[in-house]
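S.K.: Dumping the structure here so I can ask a few things about it.
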Amino acid sequence: MNWRAIWTLITKDFRVVLRTKAVLIPLIIVPLIMQVILPAGLAIGAYYIPTDSSDLQDLDTFLKAAPPTILRDLQGLDDSQLFLVLMLVYFFAPLYLIVPMMVSSVFAADSFAGEKERKTLEALLHTPLTDRELVVGKMLAAWVPAVLVSVLSFALYTVAANAAGWPVMHRIFFPNLMWIVLVFWAAPAASAVGLSAGVLVSSKVKTFQEAYQLSGLVVLPIVMLVLAQASGVLFLGPFVAFMLGLVLWVIALALIAFAVGVLQRNELIAKL
Amino acid sequence: MQDVPLAISTENLTRRFGDLIAVDALTLNVRTGEVFGFLGHNGAGKTTTIRLLNGVLAPTAGKASVLGCDPVTQGAVLRKRTGVLTESPSLDERLSARENLTFYANLYDVPRDQVGKRVEEMLESFELETRDTEKVGGYSKGMKQRLALARALVHHPELLFLDEPTSGLDPVAARHVRDLIRKMSQEEGRTVFLCTHNLPEAQRLCDRVAVLEHGKLIAMGTPTELGQQIVHTTQRVEIEVGHDTVHRALDLVKTLPGVRDAISEVDVITAQGAGREAIPGLISALAAANVPIYRVTPQEPTLEDIYFALHGETPEAS
């Protein structure tokens, strides 16, 4: 395996994406809204919500369905604190997975459909890269930035949540163990799902925009996860986060195995 | 010449896409160090042949040997030794010329300590050094083509595949590219496999040519060899005569032995089918008819004549 060539591919794709507004803007805006503005807004909101508000009383219904491990974490919190912790630690957790998924699918869409659209793929296929190096290089080029962005946005989220939540919590309350599992186990898996979706869609369409829009559908199961948790069907504790990561890895590896077939040089060039 | 080692040899190389036969039982040899012209209309199978020879596309049948490698099983090894100028420049327009060249130098495994020097060398050779940090998107078509050529050469390949290298260029830029190709072959000893439908260009550059039609090879040889095959149909003599006598001279030339047909344009009569041996008879007959003669030029078949004769078409009158 020629790791020098693979690293060259990764750094080039990264450099190119940083210069492409259509790709860069969603990469900045989405994490910024979801990991900074929304949690900060909520934390500030929690400070001003009166403790006898009916909204807070509704949380009781939710708490009745929560498993004991989560209830232990929530003991001793007043209503405002409870609202803040439930929102920022639990309800936002599945939403966080949208970031790595989206980033990797955007990179993958730009990397394959974008290369086709810009007619740069043929010259790449004529280089000494083997099919396997091309696949590994292109996939890592989407996966590595997605993992980096997700870790970075987790760092931002940690700062935003603790800073904005300070007036209510008076202590650093974020992250917990579930989030650590989520960020370092489930998020890389979500990135792998996003990139394989991006690769598969890219092989069927001609432009970056088409690939980007279609591969965006991959976040739909995450939205379902958000709804499942909000309705009390599912609670993300460390074990559930671990299992979620496992399921995502299995899906990702199956999709990647399928995508590798699509990324054969012989197949790619025949479709140019 | 027969002892020169072969850079490329193919035997019944075939590629199908569904029902379409893009390359049909192609058998050819390209000698090391020659500029080999691969001629054909758009869609004749030229680009597919390059892809097959460079191990990017697998053949449906037949085999090839390129620089001693089998493109199917040794594609990666082979591609380290070849350079390709694809039909569209295929450059990343969001990167600068320097970044594009550095990217490909690394992919082609140019030794790390030589990458910078090679890039400089290419920028200088292709006269791009003054705009090396600008994004390629802002370059003219000629500059992009020069950069694409530089990219094809950055790793010093032994064999170059050039797909329509002057397509869409203005005459000055096209001449610049032709000079570079000549230099690569004559001074640097590289083998050049030149796909083109620009016949005058092939005539100027190529040692030998092959003509492809619907994926099939219909002729191969030096332009002179091919010309000899069709000389009887394409040779002609041009005679410039006095302006007032053109019509009379044209009627007379048409009746002379060895002349298949004759046409006139301004004061020049073209006697079709007439070779050098017909010139004395033409001059005597015209002189006897008091036709002033200012110039007589025998025309050898051009590659264009050969090409159109092979395709059963008539070239546009010059």
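Every chain in the structure tokens has a letter given in the order shown (A, B, ...), and although residue numbers restart at 1 in each chain, ligands are simply numbered from 1 in the order shown.
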For Trp3 of chain A, find every residue with an atom within 10 Å (counting only C-alpha atoms), except residues of its own chain fewer than 2 positions away, and show them as a list of chain:residue names.

M.R.: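 Close residues of Trp3 of chain A: A:Met1, A:Ala5, A:Ile6, A:Trp7, A:Thr8, A:Leu9, A:Glu133, A:Val136, A:Gly137.
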
S.K.: Tell me, as a list in words, which residues lie within 8 Å of Glu300 of chain B, counting only C-alpha atoms; anything in the same chain fewer than 6 positions away does not count.

M.R.: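 Listing them by chain and then by number gives Gly227, Val231, Thr234, Gln235 and Arg236 of chain B.
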
S.K.: Counting only C-alpha atoms, which residues of chain A come no farther than 12 Å from chain B, as a PyMOL selection string?

M.R.: chain A and resi 1-21+111+114-134+137+264-272

S.K.: Would you mind exporting the chosen residues as a PDB file, in the first residue's frame, restricted to C-alpha atoms?

M.R.:
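In the end it all went to result-v7.pdb:
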```
ATOM      1  CA  MET A   1       0.000   0.000   0.000  1.00  0.00           C
ATOM      2  CA  ASN A   2       1.483   3.342  -1.091  1.00  0.00           C
ATOM      3  CA  TRP A   3       0.677   5.487   1.975  1.00  0.00           C
ATOM      4  CA  ARG A   4       2.427   8.495   0.509  1.00  0.00           C
ATOM      5  CA  ALA A   5       0.008   8.532  -2.432  1.00  0.00           C
ATOM      6  CA  ILE A   6      -2.944   7.978  -0.086  1.00  0.00           C
ATOM      7  CA  TRP A   7      -1.861  10.875   2.146  1.00  0.00           C
ATOM      8  CA  THR A   8      -1.415  13.014  -0.985  1.00  0.00           C
ATOM      9  CA  LEU A   9      -5.003  12.251  -2.018  1.00  0.00           C
ATOM     10  CA  ILE A  10      -6.367  13.057   1.441  1.00  0.00           C
ATOM     11  CA  THR A  11      -4.551  16.384   1.785  1.00  0.00           C
ATOM     12  CA  LYS A  12      -5.435  17.435  -1.751  1.00  0.00           C
ATOM     13  CA  ASP A  13      -9.153  16.706  -1.289  1.00  0.00           C
ATOM     14  CA  PHE A  14      -9.112  18.550   2.022  1.00  0.00           C
ATOM     15  CA  ARG A  15      -7.396  21.572   0.485  1.00  0.00           C
ATOM     16  CA  VAL A  16      -9.841  21.627  -2.412  1.00  0.00           C
ATOM     17  CA  VAL A  17     -12.883  21.418  -0.120  1.00  0.00           C
ATOM     18  CA  LEU A  18     -11.595  24.318   1.942  1.00  0.00           C
ATOM     19  CA  ARG A  19     -11.688  26.405  -1.257  1.00  0.00           C
ATOM     20  CA  THR A  20     -15.177  25.370  -2.348  1.00  0.00           C
ATOM     21  CA  LYS A  21     -17.892  27.533  -0.855  1.00  0.00           C
ATOM     22  CA  SER A 111     -14.737  13.620  -3.959  1.00  0.00           C
ATOM     23  CA  GLY A 114     -17.413  16.328  -7.886  1.00  0.00           C
ATOM     24  CA  GLU A 115     -14.390  14.751  -9.590  1.00  0.00           C
ATOM     25  CA  LYS A 116     -16.663  13.451 -12.339  1.00  0.00           C
ATOM     26  CA  GLU A 117     -18.351  16.831 -12.723  1.00  0.00           C
ATOM     27  CA  ARG A 118     -15.038  18.683 -12.908  1.00  0.00           C
ATOM     28  CA  LYS A 119     -13.659  16.019 -15.271  1.00  0.00           C
ATOM     29  CA  THR A 120     -10.651  15.440 -13.033  1.00  0.00           C
ATOM     30  CA  LEU A 121     -11.306  11.764 -12.386  1.00  0.00           C
ATOM     31  CA  GLU A 122      -9.790  10.449 -15.599  1.00  0.00           C
ATOM     32  CA  ALA A 123      -6.316  11.875 -14.947  1.00  0.00           C
ATOM     33  CA  LEU A 124      -6.446  10.375 -11.462  1.00  0.00           C
ATOM     34  CA  LEU A 125      -7.339   6.959 -12.855  1.00  0.00           C
ATOM     35  CA  HIS A 126      -4.317   7.138 -15.173  1.00  0.00           C
ATOM     36  CA  THR A 127      -1.917   7.499 -12.209  1.00  0.00           C
ATOM     37  CA  PRO A 128      -0.080   4.499 -10.679  1.00  0.00           C
ATOM     38  CA  LEU A 129      -2.553   4.331  -7.766  1.00  0.00           C
ATOM     39  CA  THR A 130      -3.944   0.813  -7.455  1.00  0.00           C
ATOM     40  CA  ASP A 131      -7.704   0.363  -7.150  1.00  0.00           C
ATOM     41  CA  ARG A 132      -7.309  -0.424  -3.464  1.00  0.00           C
ATOM     42  CA  GLU A 133      -5.172   2.685  -2.818  1.00  0.00           C
ATOM     43  CA  LEU A 134      -7.713   4.799  -4.652  1.00  0.00           C
ATOM     44  CA  GLY A 137      -7.423   7.204  -0.142  1.00  0.00           C
ATOM     45  CA  GLN A 264     -13.133  -0.302  -9.384  1.00  0.00           C
ATOM     46  CA  ARG A 265     -11.120   1.677 -11.930  1.00  0.00           C
ATOM     47  CA  ASN A 266     -12.580  -0.360 -14.756  1.00  0.00           C
ATOM     48  CA  GLU A 267     -16.129   0.521 -13.676  1.00  0.00           C
ATOM     49  CA  LEU A 268     -15.398   4.179 -12.998  1.00  0.00           C
ATOM     50  CA  ILE A 269     -13.724   4.868 -16.320  1.00  0.00           C
ATOM     51  CA  ALA A 270     -16.410   3.102 -18.298  1.00  0.00           C
ATOM     52  CA  LYS A 271     -18.956   5.554 -16.865  1.00  0.00           C
ATOM     53  CA  LEU A 272     -16.982   8.715 -17.641  1.00  0.00           C
TER      54      LEU A 272
END
```

S.K.: Per DSSP on the backbone, what are the strand (DSSP E or B) residues of segment 69-269 of chain B, as a PyMOL selection string?

M.R.: chain B and resi 69+82-85+96+135+159-163+191-196+208-213+216-221+236-241+261-265+268-269

S.K.: Taking the chain letters and numbering used in this document, name the residues of segment 121-174 of chain B that DSSP puts in alpha helix (DSSP H), as an mmCIF file with all heavy atoms, in the first residue's frame.

M.R.:
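And here is the file that came out, part01.cif:
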```
data_model
loop_
_atom_site.group_PDB
_atom_site.id
_atom_site.type_symbol
_atom_site.label_atom_id
_atom_site.label_comp_id
_atom_site.auth_asym_id
_atom_site.auth_seq_id
_atom_site.Cartn_x
_atom_site.Cartn_y
_atom_site.Cartn_z
ATOM 1 N N GLU B 121 11.077 22.851 -12.700
ATOM 2 C CA GLU B 121 11.552 22.528 -14.050
ATOM 3 C C GLU B 121 10.373 22.540 -15.044
ATOM 4 O O GLU B 121 10.457 23.118 -16.129
ATOM 5 C CB GLU B 121 12.170 21.135 -13.950
ATOM 6 C CG GLU B 121 12.788 20.540 -15.174
ATOM 7 C CD GLU B 121 13.189 19.065 -14.861
ATOM 8 O OE1 GLU B 121 13.919 18.840 -13.883
ATOM 9 O OE2 GLU B 121 12.721 18.169 -15.585
ATOM 10 N N MET B 122 9.264 21.953 -14.632
ATOM 11 C CA MET B 122 8.085 21.890 -15.513
ATOM 12 C C MET B 122 7.472 23.276 -15.704
ATOM 13 O O MET B 122 7.111 23.654 -16.816
ATOM 14 C CB MET B 122 7.022 20.950 -14.915
ATOM 15 C CG MET B 122 7.384 19.508 -14.987
ATOM 16 S SD MET B 122 7.559 18.989 -16.713
ATOM 17 C CE MET B 122 9.023 18.016 -16.608
ATOM 18 N N LEU B 123 7.360 24.028 -14.602
ATOM 19 C CA LEU B 123 6.771 25.367 -14.698
ATOM 20 C C LEU B 123 7.589 26.226 -15.669
ATOM 21 O O LEU B 123 7.038 26.978 -16.478
ATOM 22 C CB LEU B 123 6.730 26.030 -13.320
ATOM 23 C CG LEU B 123 5.717 25.456 -12.327
ATOM 24 C CD1 LEU B 123 5.956 26.026 -10.931
ATOM 25 C CD2 LEU B 123 4.292 25.777 -12.767
ATOM 26 N N GLU B 124 8.898 26.064 -15.586
ATOM 27 C CA GLU B 124 9.783 26.847 -16.434
ATOM 28 C C GLU B 124 9.699 26.386 -17.894
ATOM 29 O O GLU B 124 9.510 27.191 -18.799
ATOM 30 C CB GLU B 124 11.208 26.685 -15.921
ATOM 31 C CG GLU B 124 12.099 27.867 -16.218
ATOM 32 C CD GLU B 124 13.429 27.712 -15.497
ATOM 33 O OE1 GLU B 124 13.405 27.622 -14.247
ATOM 34 O OE2 GLU B 124 14.446 27.658 -16.188
ATOM 35 N N SER B 125 9.769 25.070 -18.116
ATOM 36 C CA SER B 125 9.726 24.535 -19.487
ATOM 37 C C SER B 125 8.429 24.912 -20.191
ATOM 38 O O SER B 125 8.412 25.105 -21.401
ATOM 39 C CB SER B 125 9.786 23.012 -19.496
ATOM 40 O OG SER B 125 10.900 22.561 -18.871
ATOM 41 N N LYS B 141 -7.184 28.518 -22.238
ATOM 42 C CA LYS B 141 -7.204 27.121 -22.684
ATOM 43 C C LYS B 141 -5.783 26.628 -23.015
ATOM 44 O O LYS B 141 -5.406 25.509 -22.676
ATOM 45 C CB LYS B 141 -8.084 27.012 -23.929
ATOM 46 C CG LYS B 141 -8.794 25.705 -24.009
ATOM 47 C CD LYS B 141 -9.914 25.757 -25.029
ATOM 48 C CE LYS B 141 -10.638 24.424 -25.013
ATOM 49 N NZ LYS B 141 -11.766 24.389 -25.895
ATOM 50 N N GLY B 142 -5.005 27.510 -23.653
ATOM 51 C CA GLY B 142 -3.639 27.138 -24.030
ATOM 52 C C GLY B 142 -2.780 26.878 -22.803
ATOM 53 O O GLY B 142 -1.991 25.935 -22.776
ATOM 54 N N MET B 143 -2.949 27.708 -21.768
ATOM 55 C CA MET B 143 -2.167 27.521 -20.540
ATOM 56 C C MET B 143 -2.554 26.225 -19.850
ATOM 57 O O MET B 143 -1.706 25.489 -19.342
ATOM 58 C CB MET B 143 -2.392 28.696 -19.589
ATOM 59 C CG MET B 143 -1.708 29.967 -20.030
ATOM 60 S SD MET B 143 -2.131 31.305 -18.915
ATOM 61 C CE MET B 143 -1.113 30.913 -17.506
ATOM 62 N N LYS B 144 -3.866 25.950 -19.857
ATOM 63 C CA LYS B 144 -4.316 24.695 -19.232
ATOM 64 C C LYS B 144 -3.720 23.494 -19.955
ATOM 65 O O LYS B 144 -3.308 22.518 -19.330
ATOM 66 C CB LYS B 144 -5.855 24.603 -19.266
ATOM 67 C CG LYS B 144 -6.530 25.482 -18.263
ATOM 68 C CD LYS B 144 -8.029 25.329 -18.351
ATOM 69 C CE LYS B 144 -8.724 26.372 -17.499
ATOM 70 N NZ LYS B 144 -10.153 26.451 -17.749
ATOM 71 N N GLN B 145 -3.698 23.583 -21.278
ATOM 72 C CA GLN B 145 -3.165 22.461 -22.054
ATOM 73 C C GLN B 145 -1.670 22.287 -21.781
ATOM 74 O O GLN B 145 -1.178 21.173 -21.664
ATOM 75 C CB GLN B 145 -3.430 22.719 -23.558
ATOM 76 C CG GLN B 145 -3.291 21.495 -24.426
ATOM 77 C CD GLN B 145 -4.451 20.518 -24.242
ATOM 78 O OE1 GLN B 145 -5.222 20.605 -23.307
ATOM 79 N NE2 GLN B 145 -4.549 19.560 -25.144
ATOM 80 N N ARG B 146 -0.965 23.406 -21.655
ATOM 81 C CA ARG B 146 0.468 23.322 -21.358
ATOM 82 C C ARG B 146 0.680 22.710 -19.966
ATOM 83 O O ARG B 146 1.561 21.871 -19.772
ATOM 84 C CB ARG B 146 1.108 24.715 -21.407
ATOM 85 C CG ARG B 146 1.165 25.311 -22.794
ATOM 86 C CD ARG B 146 2.361 26.240 -22.966
ATOM 87 N NE ARG B 146 2.426 27.336 -22.026
ATOM 88 C CZ ARG B 146 1.830 28.518 -22.166
ATOM 89 N NH1 ARG B 146 1.096 28.750 -23.237
ATOM 90 N NH2 ARG B 146 1.967 29.464 -21.281
ATOM 91 N N LEU B 147 -0.169 23.128 -19.025
ATOM 92 C CA LEU B 147 -0.039 22.581 -17.675
ATOM 93 C C LEU B 147 -0.358 21.076 -17.674
ATOM 94 O O LEU B 147 0.309 20.290 -17.001
ATOM 95 C CB LEU B 147 -0.978 23.332 -16.717
ATOM 96 C CG LEU B 147 -1.009 22.833 -15.278
ATOM 97 C CD1 LEU B 147 0.367 22.860 -14.637
ATOM 98 C CD2 LEU B 147 -1.981 23.654 -14.434
ATOM 99 N N ALA B 148 -1.377 20.688 -18.460
ATOM 100 C CA ALA B 148 -1.723 19.260 -18.522
ATOM 101 C C ALA B 148 -0.557 18.461 -19.114
ATOM 102 O O ALA B 148 -0.276 17.346 -18.680
ATOM 103 C CB ALA B 148 -2.986 19.064 -19.349
ATOM 104 N N LEU B 149 0.116 19.052 -20.085
ATOM 105 C CA LEU B 149 1.296 18.386 -20.665
ATOM 106 C C LEU B 149 2.417 18.300 -19.626
ATOM 107 O O LEU B 149 3.085 17.275 -19.498
ATOM 108 C CB LEU B 149 1.794 19.180 -21.865
ATOM 109 C CG LEU B 149 1.531 18.623 -23.253
ATOM 110 C CD1 LEU B 149 2.064 19.562 -24.308
ATOM 111 C CD2 LEU B 149 2.153 17.242 -23.435
ATOM 112 N N ALA B 150 2.597 19.387 -18.897
ATOM 113 C CA ALA B 150 3.630 19.392 -17.847
ATOM 114 C C ALA B 150 3.323 18.316 -16.822
ATOM 115 O O ALA B 150 4.207 17.594 -16.364
ATOM 116 C CB ALA B 150 3.672 20.766 -17.175
ATOM 117 N N ARG B 151 2.048 18.180 -16.473
ATOM 118 C CA ARG B 151 1.653 17.154 -15.507
ATOM 119 C C ARG B 151 1.972 15.753 -16.047
ATOM 120 O O ARG B 151 2.437 14.887 -15.335
ATOM 121 C CB ARG B 151 0.149 17.254 -15.226
ATOM 122 C CG ARG B 151 -0.330 16.203 -14.260
ATOM 123 C CD ARG B 151 -1.840 16.162 -14.182
ATOM 124 N NE ARG B 151 -2.412 15.912 -15.492
ATOM 125 C CZ ARG B 151 -3.678 16.122 -15.796
ATOM 126 N NH1 ARG B 151 -4.490 16.608 -14.900
ATOM 127 N NH2 ARG B 151 -4.133 15.859 -16.996
ATOM 128 N N ALA B 152 1.722 15.568 -17.362
ATOM 129 C CA ALA B 152 1.988 14.254 -17.968
ATOM 130 C C ALA B 152 3.480 13.927 -17.965
ATOM 131 O O ALA B 152 3.863 12.771 -18.056
ATOM 132 C CB ALA B 152 1.442 14.225 -19.389
ATOM 133 N N LEU B 153 4.313 14.968 -17.840
ATOM 134 C CA LEU B 153 5.764 14.764 -17.940
ATOM 135 C C LEU B 153 6.505 14.873 -16.613
ATOM 136 O O LEU B 153 7.705 14.608 -16.558
ATOM 137 C CB LEU B 153 6.344 15.820 -18.888
ATOM 138 C CG LEU B 153 6.100 15.579 -20.365
ATOM 139 C CD1 LEU B 153 6.417 16.827 -21.153
ATOM 140 C CD2 LEU B 153 6.952 14.422 -20.850
ATOM 141 N N PRO B 171 -3.849 28.938 -33.039
ATOM 142 C CA PRO B 171 -2.702 28.453 -33.825
ATOM 143 C C PRO B 171 -1.353 28.620 -33.113
ATOM 144 O O PRO B 171 -0.488 27.762 -33.222
ATOM 145 C CB PRO B 171 -2.750 29.309 -35.092
ATOM 146 C CG PRO B 171 -4.168 29.744 -35.201
ATOM 147 C CD PRO B 171 -4.678 29.877 -33.804
ATOM 148 N N VAL B 172 -1.186 29.697 -32.373
ATOM 149 C CA VAL B 172 0.107 29.926 -31.717
ATOM 150 C C VAL B 172 0.317 28.896 -30.601
ATOM 151 O O VAL B 172 1.372 28.254 -30.505
ATOM 152 C CB VAL B 172 0.181 31.363 -31.138
ATOM 153 C CG1 VAL B 172 1.469 31.572 -30.365
ATOM 154 C CG2 VAL B 172 0.056 32.376 -32.263
ATOM 155 N N ALA B 173 -0.733 28.706 -29.801
ATOM 156 C CA ALA B 173 -0.631 27.730 -28.708
ATOM 157 C C ALA B 173 -0.447 26.323 -29.275
ATOM 158 O O ALA B 173 0.323 25.524 -28.733
ATOM 159 C CB ALA B 173 -1.880 27.793 -27.839
ATOM 160 N N ALA B 174 -1.147 26.027 -30.389
ATOM 161 C CA ALA B 174 -1.036 24.690 -31.003
ATOM 162 C C ALA B 174 0.389 24.458 -31.489
ATOM 163 O O ALA B 174 0.943 23.374 -31.313
ATOM 164 C CB ALA B 174 -2.022 24.567 -32.160
#
```

S.K.: When you draw a straight line from atom CA of Ile33 of chain A to atom CA of Ala192 of chain A, how long is it in Å?

M.R.: 22.6 Å

S.K.: Out of B:Leu26, B:Gly215, B:Pro157, B:Phe126, which residue has the shortest atom-to-atom distance to Leu180 of chain B when counting only C-alpha atoms?

M.R.: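 Under the stated criterion, the closest residue is B:Phe126.
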
S.K.: What is the atom CA of Gly189 of chain B-atom CA of Thr130 of chain B distance in Å, reported with one decimal?

M.R.: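 Result for atom CA of Gly189 of chain B versus atom CA of Thr130 of chain B: 28.6 Å, one decimal.
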
S.K.: I want to know what sits within 10 Å of Leu6 of chain B, based on only C-alpha atoms, with residues of the same chain fewer than 6 positions away left out; could you give that as an MDAnalysis selection string?

M.R.: chainID B and resid 29:34 65:68 191

S.K.: Can you measure atom CA of Asp179 of chain B to atom CA of Asp207 of chain B for me? One decimal in Å is fine.

M.R.: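 Answer for the atom CA of Asp179 of chain B to atom CA of Asp207 of chain B separation: 15.0 Å.
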